[in-house]
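To start, the structure under review is shown below, and the notes come after it.
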Amino acid sequence: MDDDLLSIGRFARLAGLSVGALRHYDELDVLRPAEVDSFTGYRRYRREQLETARAIARLRELELPLDEIREVLAIDDPAAQARRLAAHRARIEARTYRLQRVLHHVTQLSKGEPIVSRPPVAPDLDQATRRALAVGLFNYTWTLLENANRTPSQDDTMLHAAHASRYHWGEVGEKVNLARGEWQVSRVYAVLGRAEPALYHARRCVEINEANADGREDWDLGSAYEAMARAHAVAGDRAASDEWKARGVAELANIADAEDRQVLEQDIATLP
């Protein structure tokens with residue numbers, strides 16, 4: 001086996017993409033794996049493909065359609081690439097101008113009596129902004145989880161950040177993102193000693209993962225079981241905690257990547 005080849009799960013993590021996205025990009029000939037096992041169908045990638053994968057992720061954040069990304073990546077001439085991106089920039093500018101006109105009209109109306117009285121609505125965020133918020137809030141929650149000297153105010157911030165991250169994933173993420181968001185919310189509640197919401201979100205994590213067998217990575221289900229074990233431990237149900245812990249331990253055998261397996265092992269080791 002070529003040591004330079006990365007499993008699709010490991011490659012996805014390093015590239016900042018989901019496994020589902022990588023499979024989709026393979027199907028659309030946007031990013032092909034370096035190797036596909038003829039018996040198992042497992043995809044493997046080379047480390048030098050990470051630069052291309054990260055470029056694709058960045059272009060998707062900028063709302064460039066996948067068919068255009070494929071064409072841009074296939075162009076060897078930097079000037080030609082720049083022209084394609086300039087065309088996309090022009091489309092964004094046109095949309096921005098339209099929104100500016102809408103803003104102008106709304107501002108004018110706001111100076112007089114409203115035409116229709118309606119409750120205020122949340123601002124319309126584009127997908128790239130929502131994704132950035134989901135990722136940033138998820139990571140920020142982790143920094144607070146790892147802070148052993150949190151203040152009560154920081155506990156509140158940690159909880160709100162976890163819920164906010166899950167909310168934005170619900171708007172733009174795939175099922176695997178939703179499951180991981182539920183996992184983090186459950187972990188926050190467990191750390192805060194709040195059993196009922198910890199159990200609720202752990203169950204949601206399990207349900208989403210079990211219904212998403214093709215879209216999740218091989219460590220997601222074990223992490224969901226670990227969350228259930230932790231939530232039951234907080235609730236004081238030792239028998240249920242031990243049962244879910246055993247299910248999490250059993251899932252370790254299904255994790256191909258040693259580093260991914262070690263992460264789950266360490267999580268399980270911290271169970272009360």
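Ordering of the structure tokens sets the chain letters (A, B, ...), residue numbers begin anew at 1 in every chain, and ligands are numbered from 1 in the order given.
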Run DSSP on the backbone and tell me which residues of region 20-62 of chain A come out as strand (DSSP E or B); list them as a PyMOL selection string. chain A and resi 35-36+43-46
Residues of the last selection are to be written out with N, CA and C atoms, as an mmCIF file, in the first residue's frame.
data_model
loop_
_atom_site.group_PDB
_atom_site.id
_atom_site.type_symbol
_atom_site.label_atom_id
_atom_site.label_comp_id
_atom_site.auth_asym_id
_atom_site.auth_seq_id
_atom_site.Cartn_x
_atom_site.Cartn_y
_atom_site.Cartn_z
ATOM 1 N N GLU A 35 -6.704 6.761 -6.265
ATOM 2 C CA GLU A 35 -6.846 5.307 -6.350
ATOM 3 C C GLU A 35 -8.216 4.907 -5.821
ATOM 4 N N VAL A 36 -8.842 3.945 -6.481
ATOM 5 C CA VAL A 36 -10.103 3.368 -6.020
ATOM 6 C C VAL A 36 -9.931 1.862 -5.953
ATOM 7 N N ARG A 43 -12.042 5.026 -1.783
ATOM 8 C CA ARG A 43 -11.274 6.045 -2.484
ATOM 9 C C ARG A 43 -10.092 6.483 -1.630
ATOM 10 N N ARG A 44 -8.955 6.711 -2.280
ATOM 11 C CA ARG A 44 -7.762 7.195 -1.591
ATOM 12 C C ARG A 44 -7.160 8.328 -2.409
ATOM 13 N N TYR A 45 -6.553 9.278 -1.701
ATOM 14 C CA TYR A 45 -6.049 10.493 -2.337
ATOM 15 C C TYR A 45 -4.590 10.725 -1.960
ATOM 16 N N ARG A 46 -3.893 11.450 -2.832
ATOM 17 C CA ARG A 46 -2.515 11.829 -2.539
ATOM 18 C C ARG A 46 -2.486 13.172 -1.822
#
Using only C-alpha atoms, find each residue of region 2-101 of chain A with at least one atom at most 12 Å away from an atom of region 124-129 of chain A; report its shortest atom-to-atom pair and that distance in Å (one decimal), sort the rows by chain and rising residue number, and return the result as JSON lines.
{"residue": "A:Ala57", "atom": "CA", "partner": "A:Ala128", "partner_atom": "CA", "distance": 10.2}
{"residue": "A:Arg58", "atom": "CA", "partner": "A:Ala128", "partner_atom": "CA", "distance": 9.3}
{"residue": "A:Leu59", "atom": "CA", "partner": "A:Ala128", "partner_atom": "CA", "distance": 9.8}
{"residue": "A:Arg60", "atom": "CA", "partner": "A:Ala128", "partner_atom": "CA", "distance": 7.8}
{"residue": "A:Glu61", "atom": "CA", "partner": "A:Ala128", "partner_atom": "CA", "distance": 4.6}
{"residue": "A:Leu62", "atom": "CA", "partner": "A:Ala128", "partner_atom": "CA", "distance": 6.5}
{"residue": "A:Glu63", "atom": "CA", "partner": "A:Ala128", "partner_atom": "CA", "distance": 7.1}
{"residue": "A:Leu64", "atom": "CA", "partner": "A:Ala128", "partner_atom": "CA", "distance": 10.6}
{"residue": "A:Ile92", "atom": "CA", "partner": "A:Asp126", "partner_atom": "CA", "distance": 11.6}
{"residue": "A:Arg95", "atom": "CA", "partner": "A:Asp126", "partner_atom": "CA", "distance": 11.8}
{"residue": "A:Thr96", "atom": "CA", "partner": "A:Asp126", "partner_atom": "CA", "distance": 11.8}
{"residue": "A:Leu99", "atom": "CA", "partner": "A:Asp124", "partner_atom": "CA", "distance": 10.9}
Pick out each residue of region 145-260 of chain A that DSSP on the backbone tags as alpha helix (DSSP H); I need them as an MDAnalysis selection string. chainID A and resid 145 152:172 175:191 195:210 220:234 238:251 258:260
Taking 2 positions as the minimum chain separation for residues in the same chain, which residues sit within 12 Å of Glu48 (chain A) when counting only C-alpha atoms? Answer as a PyMOL selection string. chain A and resi 4-6+11+14-15+33-34+45-46+50-54
Those residues you just picked out, can you put them in a file as a compact mmCIF listing (two decimals), in the first residue's frame with N, CA and C atoms?
# COMPACT_ATOMS: atom_id res chain seq x y z
N ASP A 4 1.76 7.20 0.92
CA ASP A 4 1.42 8.59 0.61
C ASP A 4 -0.07 8.78 0.39
N LEU A 5 -0.81 7.69 0.25
CA LEU A 5 -2.24 7.77 -0.02
C LEU A 5 -3.02 7.93 1.28
N LEU A 6 -4.03 8.81 1.25
CA LEU A 6 -4.85 9.09 2.41
C LEU A 6 -6.25 8.53 2.21
N PHE A 11 -8.48 12.54 4.26
CA PHE A 11 -8.31 13.58 3.24
C PHE A 11 -9.37 14.67 3.42
N LEU A 14 -8.43 16.97 6.34
CA LEU A 14 -7.32 17.86 6.04
C LEU A 14 -7.72 18.93 5.03
N ALA A 15 -8.64 18.59 4.14
CA ALA A 15 -9.04 19.53 3.09
C ALA A 15 -10.16 20.46 3.54
N PRO A 33 -10.21 10.72 -7.12
CA PRO A 33 -9.23 10.14 -6.19
C PRO A 33 -8.05 9.57 -6.95
N ALA A 34 -6.93 9.45 -6.27
CA ALA A 34 -5.73 8.89 -6.90
C ALA A 34 -5.88 7.39 -7.11
N TYR A 45 -6.55 9.28 -1.70
CA TYR A 45 -6.05 10.49 -2.34
C TYR A 45 -4.59 10.73 -1.96
N ARG A 46 -3.89 11.45 -2.83
CA ARG A 46 -2.52 11.83 -2.54
C ARG A 46 -2.49 13.17 -1.82
N LEU A 50 -4.33 17.88 -1.92
CA LEU A 50 -4.96 18.72 -0.91
C LEU A 50 -5.07 20.17 -1.38
N GLU A 51 -4.06 20.65 -2.10
CA GLU A 51 -4.10 22.03 -2.58
C GLU A 51 -5.30 22.24 -3.51
N THR A 52 -5.53 21.28 -4.40
CA THR A 52 -6.67 21.38 -5.31
C THR A 52 -7.98 21.30 -4.53
N ALA A 53 -8.04 20.38 -3.56
CA ALA A 53 -9.26 20.22 -2.77
C ALA A 53 -9.58 21.49 -2.00
N ARG A 54 -8.55 22.12 -1.44
CA ARG A 54 -8.78 23.35 -0.68
C ARG A 54 -9.18 24.49 -1.60
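Minimum atom-to-atom distance to Asp220 (chain A), evaluated using only C-alpha atoms, belongs to A:Cys205 out of A:Ala148, A:Cys205, A:Leu22, A:Ala12.
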At a cut-off of 12 Å, using only C-alpha atoms, what residues contact Leu144 (chain A)? Leave out same-chain residues fewer than 4 positions from it and give the result as number ranges by chain. A: 137-140, 148-162, 184, 187-188, 191-192
Point-to-point distance from CA of Glu71 (chain A) to CA of Val135 (chain A), Å rounded to tenths: 27.8 Å
Would you mind telling me which residue in A:Pro272, A:Gly173, A:Gly16, A:Gly136 lies nearest to Asp237 (chain A) when using only C-alpha atoms? A:Pro272
Dump as JSON lines the rows for residues of region 142-227 of chain A within 10 Å of region 251-268 of chain A: closest atom pair and distance in Å with one decimal, only C-alpha atoms counted, ordered by chain and rising residue number.
{"residue": "A:Glu217", "atom": "CA", "partner": "A:Ile255", "partner_atom": "CA", "distance": 8.6}
{"residue": "A:Asp218", "atom": "CA", "partner": "A:Ile255", "partner_atom": "CA", "distance": 5.3}
{"residue": "A:Trp219", "atom": "CA", "partner": "A:Ile255", "partner_atom": "CA", "distance": 5.7}
{"residue": "A:Asp220", "atom": "CA", "partner": "A:Leu264", "partner_atom": "CA", "distance": 9.2}
{"residue": "A:Leu221", "atom": "CA", "partner": "A:Glu251", "partner_atom": "CA", "distance": 7.4}
{"residue": "A:Gly222", "atom": "CA", "partner": "A:Glu251", "partner_atom": "CA", "distance": 5.2}
{"residue": "A:Ser223", "atom": "CA", "partner": "A:Leu264", "partner_atom": "CA", "distance": 6.4}
{"residue": "A:Tyr225", "atom": "CA", "partner": "A:Glu251", "partner_atom": "CA", "distance": 8.8}
{"residue": "A:Glu226", "atom": "CA", "partner": "A:Ile268", "partner_atom": "CA", "distance": 6.2}
{"residue": "A:Ala227", "atom": "CA", "partner": "A:Ile268", "partner_atom": "CA", "distance": 9.1}
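Near Ala190 (chain A), within a cut-off of 10 Å and counting only C-alpha atoms, sit the residues Gln184, Val185, Ala195, Glu196, Pro197, Ala198, Leu199, Ala202, Ala227, Met228, Arg230, Ala231, His232, Ala233, Val234 and Ala235 of chain A, with same-chain residues fewer than 5 positions away left out.
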If you keep N, CA and C atoms, can you produce a file of those selected residues as an mmCIF file, in the first residue's frame?
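And here is the file that came out, again06.cif:
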data_model
loop_
_atom_site.group_PDB
_atom_site.id
_atom_site.type_symbol
_atom_site.label_atom_id
_atom_site.label_comp_id
_atom_site.auth_asym_id
_atom_site.auth_seq_id
_atom_site.Cartn_x
_atom_site.Cartn_y
_atom_site.Cartn_z
ATOM 1 N N GLN A 184 -21.925 17.932 19.452
ATOM 2 C CA GLN A 184 -21.271 18.974 20.248
ATOM 3 C C GLN A 184 -22.229 19.610 21.250
ATOM 4 N N VAL A 185 -23.472 19.841 20.840
ATOM 5 C CA VAL A 185 -24.451 20.409 21.766
ATOM 6 C C VAL A 185 -24.655 19.461 22.949
ATOM 7 N N ALA A 195 -28.573 16.788 32.234
ATOM 8 C CA ALA A 195 -28.776 15.460 31.653
ATOM 9 C C ALA A 195 -29.835 15.425 30.562
ATOM 10 N N GLU A 196 -31.002 16.044 30.807
ATOM 11 C CA GLU A 196 -32.114 15.889 29.860
ATOM 12 C C GLU A 196 -31.772 16.420 28.464
ATOM 13 N N PRO A 197 -31.272 17.669 28.320
ATOM 14 C CA PRO A 197 -30.910 18.115 26.980
ATOM 15 C C PRO A 197 -29.702 17.367 26.407
ATOM 16 N N ALA A 198 -28.788 16.920 27.275
ATOM 17 C CA ALA A 198 -27.653 16.135 26.781
ATOM 18 C C ALA A 198 -28.150 14.847 26.132
ATOM 19 N N LEU A 199 -29.122 14.189 26.763
ATOM 20 C CA LEU A 199 -29.694 12.966 26.209
ATOM 21 C C LEU A 199 -30.462 13.244 24.915
ATOM 22 N N ALA A 202 -27.969 13.887 22.121
ATOM 23 C CA ALA A 202 -27.222 12.663 21.820
ATOM 24 C C ALA A 202 -28.094 11.704 21.005
ATOM 25 N N ALA A 227 -21.498 9.761 22.945
ATOM 26 C CA ALA A 227 -22.325 10.857 23.458
ATOM 27 C C ALA A 227 -23.490 10.322 24.290
ATOM 28 N N MET A 228 -24.112 9.238 23.835
ATOM 29 C CA MET A 228 -25.211 8.638 24.599
ATOM 30 C C MET A 228 -24.709 8.114 25.942
ATOM 31 N N ARG A 230 -22.174 9.194 27.660
ATOM 32 C CA ARG A 230 -21.849 10.329 28.527
ATOM 33 C C ARG A 230 -23.118 10.971 29.094
ATOM 34 N N ALA A 231 -24.129 11.127 28.244
ATOM 35 C CA ALA A 231 -25.376 11.747 28.697
ATOM 36 C C ALA A 231 -26.064 10.890 29.763
ATOM 37 N N HIS A 232 -26.075 9.564 29.563
ATOM 38 C CA HIS A 232 -26.680 8.680 30.562
ATOM 39 C C HIS A 232 -25.889 8.706 31.869
ATOM 40 N N ALA A 233 -24.566 8.845 31.766
ATOM 41 C CA ALA A 233 -23.756 8.933 32.977
ATOM 42 C C ALA A 233 -24.116 10.193 33.763
ATOM 43 N N VAL A 234 -24.310 11.301 33.063
ATOM 44 C CA VAL A 234 -24.710 12.542 33.728
ATOM 45 C C VAL A 234 -26.084 12.374 34.381
ATOM 46 N N ALA A 235 -26.947 11.585 33.726
ATOM 47 C CA ALA A 235 -28.290 11.341 34.269
ATOM 48 C C ALA A 235 -28.273 10.360 35.438
#
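Residue nearest Leu85 (chain A) within the list A:Ala240, A:Val72, A:Leu31, A:Leu103: A:Val72 [criterion: smallest interatomic distance, only C-alpha atoms].
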Please identify all polymer residues within 10 Å of Trp169 (chain A), counting only C-alpha atoms, omitting same-chain residues fewer than 6 positions from it, and present them as a ChimeraX atom specification. /A:127,130-135,138,163,175-181
